[in-house]
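Engineer: Below is the structure I would like to discuss, written out as structure tokens.
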Amino acid sequence: MEQYIMALDQGTTSSRTIIYDKLGNIISVAQKEFTQIFPREGWVEHDAMEIWATQMGTAQEALLNANLTYQNIAAIGITNQRETTVVWDKKTGEPVYNAIVWQCRRTADYAARLKPHEDMIRAKTGLLADPYFSGTKLAWILDNVPGTRERASRGELLFGTIESWLIWRMTGGKVHVSDYSNACRTMLFDINTLKWDEELCGLLNIPMCMLPEPVECSAHYGDTVPQLFGGPVPITGAAGDQQAALFGEACFSEGDIKSTYGTGNFLLLNTGEKPVPSKNGLLTTIAWGLNGKVNYALEGSVFICGAAIQWLRDQMKFFRSAEESETLAASVDSTAGVYVVPAFAGLGAPYWDPEARGAMFGITRGTTREHIIRATLQSLVYQNEDLISAMEADTGRQVTTLKVDGGAALNNLLMQFQADISDVEIIRYKSIESTSLGAAYFAGLAVGYYDSLADIIASKKIEKTYRSTLGEKERKEKLEGWHRAVNAARAFHG
Ligand code: ADP
């Protein structure tokens with residue numbers, strides 16, 4: 001009987017299931033969006049039961065669509081939106097409150113109170129004191145949902161990020177685990193000792209009995225209850241979305257780096273078996289735990305990437321589909337001196353300037369829509385380059401190759417700009433579904449579906465590579481122009 005791997009991709013706006021064969025070909029896909037709940041300005045929640053229902057619904061649909069049964073599935077791997085926080089009752093499985101989503105800013109004052117401890121937090125977790133991470137969200141639930149702190153202290157409630165929640169439910173409440181790549185995003189986990197940290201839990205007043213057992217990203221956690229798919233299927237892989245994408249892009253070795261060009265942009269650099277602290281505003285995170293070893297990564301993100309292209313399309317009405325940005329930008333041979341700074345939501349690493357706003361410089365009577373589109377595409381590249389140089393400064397190593405995925409990575413002009421400005425070779429694989437592929441690889445390795453990392457590398461096909469065509473002088477000039485534009489945009493808010 002043919003065997004496949006089932007990847008569950010639990011994202012921020014939809015739950016998806018993708019069934020892969022050994023070569024990474026997609027056998028079946030099912031996807032379902034779920035409700036985004038905005039109870040107040042800046043608050044974002046999901047219904048954890050809806051996440052569970054849509055995720056299982058797509059899993060069953062994906063099997064059905066391809067005429068497969070549970071017996072065709074060698075293993076299940078999970079990848080998920082990170083940091084999103086669920087608390088549920090150990091006996092009934094009922095969530096005590098909606099899942100608080102990573103984007104939710106309700107715990108800004110908790111994070112502000114942690115600021116004096118930031119050096120300790122950074123040293124232990126690799127993170128900043130920010131409401132983004134799960135710890136303050138969990139503390140908020142215990143502080144605001146009546147009775148939960150007492151119930152949690154009595155051992156009646158459990159905490160988990162989304163992979164933990166799904167595994168617990170899929171195993172019928174038998175298995176309460178969190179993989180290292182998710183656990184390290186809670187701000188409660190010491191990435192050096194691989195243990196939940198008493199001091200951090202104490203700061204946020206979190207009973208440690210509600211925390212899941214930390215586990216590697218590729219291991220047999222448990223089996224699905226037979227009622228779900230007609231029989232038991234081993235669950236053997238789990239990783240947060242960005243780390244799964246790093247793995248899915250086969251960035252297995254120290255120095256390997258990937259960039260995901262989606263709504264925002266996430267850059268992750270594999271730093272090998274040692275955590276590298278950042279002096280340039282990047283996060284230090286666990287990439288994965290595999291075969292008794294832990295790989296670390298430096299992570300940087302850009303808030304506005306493809307979102308700038310959406311803005312050109314929807315607000316500026318410059319074109320109807322994002323793909324047109326490429327032909328329009330290619331119709332002029334330069335930006336004619338125009339720079340766009342897409343700081344619509346402030347600037348992240350290495351600037352960390354939440355007050356910054358978007359700006360455009362160098363406009364003349366001759367400036368056209370095409371110049372602005374070209375300058376916007378280039379701005380995505382410059383933002384990425386700023387992260388790459390921050391990583392180079394932190395590691396003391398030159399980046400020479402960059403692997404790319406995400407919707408906007410299909411824009412050839414954008415990729416050529418990146419190769420030019422960052423002076424790197426860019427590799428785009430045939431499948432840019434790297435997040436779910438990463439989950440499939442973790443799951444497949446644990447059951448011998450893949451023999452080794454070399455086996456996976458051999459299965460990957462490169463679609464296109466890009467190399468720099470720009471001289472050093474021109475590269476420097478362009479980057480200097482960008483940095484002048486960023487500084488000018490930042491000066492505007494005083
Ligand atoms: P997400 O997973 O964050 O929703 P995707 O990886 O699906 O994002 O990528 C979609 C984003 O990429 C959108 O913001 C869109 O504007 C942008 N995008 C898609 N295709 C192109 C293209 N050819 N050129 C530039 N941007 C694009």
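The chains in the structure tokens are called A, B, ... from first to last as shown; in each chain the residues are counted from 1, and the ligands are counted from 1 in the order shown.
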Which of region 68-241 of chain A counts as helix (DSSP H, G or I) under DSSP, as a PyMOL selection string please?

Structural biologist: chain A and resi 70-72+108-125+134-144+148-153+162-170+180-183+198-203+208-210+226-229+241

Engineer: Give the residue list for ligand 1 at 9 Å, counting only C-alpha atoms and all ligand atoms, as JSON, numbers by chain, sorted by chain and then by residue number.

Structural biologist: {"A": [11, 12, 13, 260, 261, 262, 263, 264, 265, 304, 305, 306, 307, 308, 309, 310, 311, 312, 313, 321, 322, 323, 324, 325, 326, 377, 405, 406, 407, 408, 409, 410, 411, 412, 413, 414, 432, 433]}

Engineer: Quick one: residues within 9 Å of region 464-481 of chain A, only C-alpha atoms, excluding same-chain residues fewer than 3 positions away - as a PDB file with C-alpha atoms, in the first residue's frame?

Structural biologist:
ATOM      1  CA  GLY A 337      15.963  58.201  -7.829  1.00  0.00           C
ATOM      2  CA  TYR A 339      12.927  55.540  -2.602  1.00  0.00           C
ATOM      3  CA  TYR A 382      16.458  46.731   1.297  1.00  0.00           C
ATOM      4  CA  GLU A 385      19.234  43.297   3.371  1.00  0.00           C
ATOM      5  CA  ASN A 412      11.584  37.366 -10.619  1.00  0.00           C
ATOM      6  CA  MET A 415      14.499  38.091  -6.535  1.00  0.00           C
ATOM      7  CA  GLN A 416      17.044  39.597  -8.952  1.00  0.00           C
ATOM      8  CA  PHE A 417      17.046  42.851  -6.916  1.00  0.00           C
ATOM      9  CA  GLN A 418      17.679  40.819  -3.771  1.00  0.00           C
ATOM     10  CA  ALA A 419      20.586  38.950  -5.347  1.00  0.00           C
ATOM     11  CA  ASP A 420      22.013  42.306  -6.511  1.00  0.00           C
ATOM     12  CA  ILE A 421      21.621  44.237  -3.279  1.00  0.00           C
ATOM     13  CA  SER A 422      22.621  41.427  -0.904  1.00  0.00           C
ATOM     14  CA  ASP A 423      25.285  40.038  -3.234  1.00  0.00           C
ATOM     15  CA  VAL A 424      24.070  36.497  -2.655  1.00  0.00           C
ATOM     16  CA  GLU A 425      23.042  33.540  -4.738  1.00  0.00           C
ATOM     17  CA  ILE A 426      19.293  33.011  -4.421  1.00  0.00           C
ATOM     18  CA  ILE A 427      17.805  29.534  -4.651  1.00  0.00           C
ATOM     19  CA  ARG A 428      14.111  28.986  -5.260  1.00  0.00           C
ATOM     20  CA  TYR A 429      12.942  25.395  -5.059  1.00  0.00           C
ATOM     21  CA  LYS A 430      10.134  24.017  -7.239  1.00  0.00           C
ATOM     22  CA  ARG A 484      19.204  58.130   4.084  1.00  0.00           C
ATOM     23  CA  ALA A 485      15.537  57.508   3.244  1.00  0.00           C
ATOM     24  CA  VAL A 486      14.985  55.440   6.420  1.00  0.00           C
TER      25      VAL A 486
END

Engineer: Write out as a PyMOL selection string each polymer residue whose atoms come within 12 Å of Gln36 (chain A), counting only C-alpha atoms; drop sequence neighbours fewer than 3 positions from it.

Structural biologist: chain A and resi 11-14+33+39+43-48+50-51+98-101+103-104

Engineer: Set the distance at 10 Å and use only C-alpha atoms: which residues neighbour Gly160 (chain A) once local chain neighbours fewer than 6 positions away are removed? I'd like the list as a PyMOL selection string.

Structural biologist: chain A and resi 83-88+99+134+138+166-168+176-178+182-183+186+210-213

Engineer: Could you pull out the strand (DSSP E or B) residues of region 153-354 of chain A, going by DSSP on the backbone, and write them as a ChimeraX atom specification?

Structural biologist: /A:157-160,177-179,189-190,195-196,213-215,218-223,234-240,257-261,265-272,283-290,293-302,339-341,344,346-347,353

Engineer: Which is closest to Tyr441 (chain A) among A:Leu64, A:Ile363, A:Leu114, A:Ala75, if we use only C-alpha atoms?

Structural biologist: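 Selected residue with least distance to Tyr441 (chain A): A:Ala75.
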
Engineer: So, with only C-alpha atoms as the atoms that count, which of A:Glu273, A:Asp455, A:Glu163, A:Glu216 lies closest to Asp9 (chain A)?

Structural biologist: A:Glu163

Engineer: CA of Thr400 (chain A) and CA of Asn270 (chain A) are how many Å apart?

Structural biologist: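 One can read the CA of Thr400 (chain A) to CA of Asn270 (chain A) distance as 13.3 Å.
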
Engineer: Using only C-alpha atoms, which protein or nucleic acid residues come within 8 Å of Pro342 (chain A)? Drop anything in the same chain fewer than 4 positions from it, and give the result as a PyMOL selection string.

Structural biologist: chain A and resi 304+308+357-359+376+379

Engineer: Of the candidates A:Gln243, A:Ala349, A:Gly396, A:Val96, which one gets nearest to Leu128 (chain A) if we count only C-alpha atoms?

Structural biologist: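 Of A:Gln243, A:Ala349, A:Gly396, A:Val96, the one nearest Leu128 (chain A) is A:Ala349, counting only C-alpha atoms.
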
Engineer: Rounded to one decimal place, report the CA of Glu299 (chain A)-CA of Arg490 (chain A) distance in Å.

Structural biologist: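 According to the coordinates, CA of Glu299 (chain A) and CA of Arg490 (chain A) are separated by 23.2 Å.
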
Engineer: So what do you get for CA of Lys461 (chain A) versus CA of Ser431 (chain A), distance-wise?

Structural biologist: 7.9 Å

Engineer: Using only C-alpha atoms, find the one residue out of A:Thr148, A:Ser253, A:Asn205, A:Ser301 that sits nearest to Pro95 (chain A).

Structural biologist: A:Thr148

Engineer: I'd like the contact shell of region 229-241 of chain A - 7 Å cut-off, only C-alpha atoms, skipping same-chain residues fewer than 6 positions apart - returned as a list in words.

Structural biologist: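 My reading of the contact set: Gln60, Tyr70, Ile73, Ala75, Ile76, Gly77, Ile78, Thr79, Asn80, Gln81, Arg82, Glu163, Asp179, Ser181, Asn182, Cys217, Ser218, Ala219, His220, Tyr221, Gly222, Asp223, Thr435, Ala439, Phe442, Ala443 and Ala446 of chain A.
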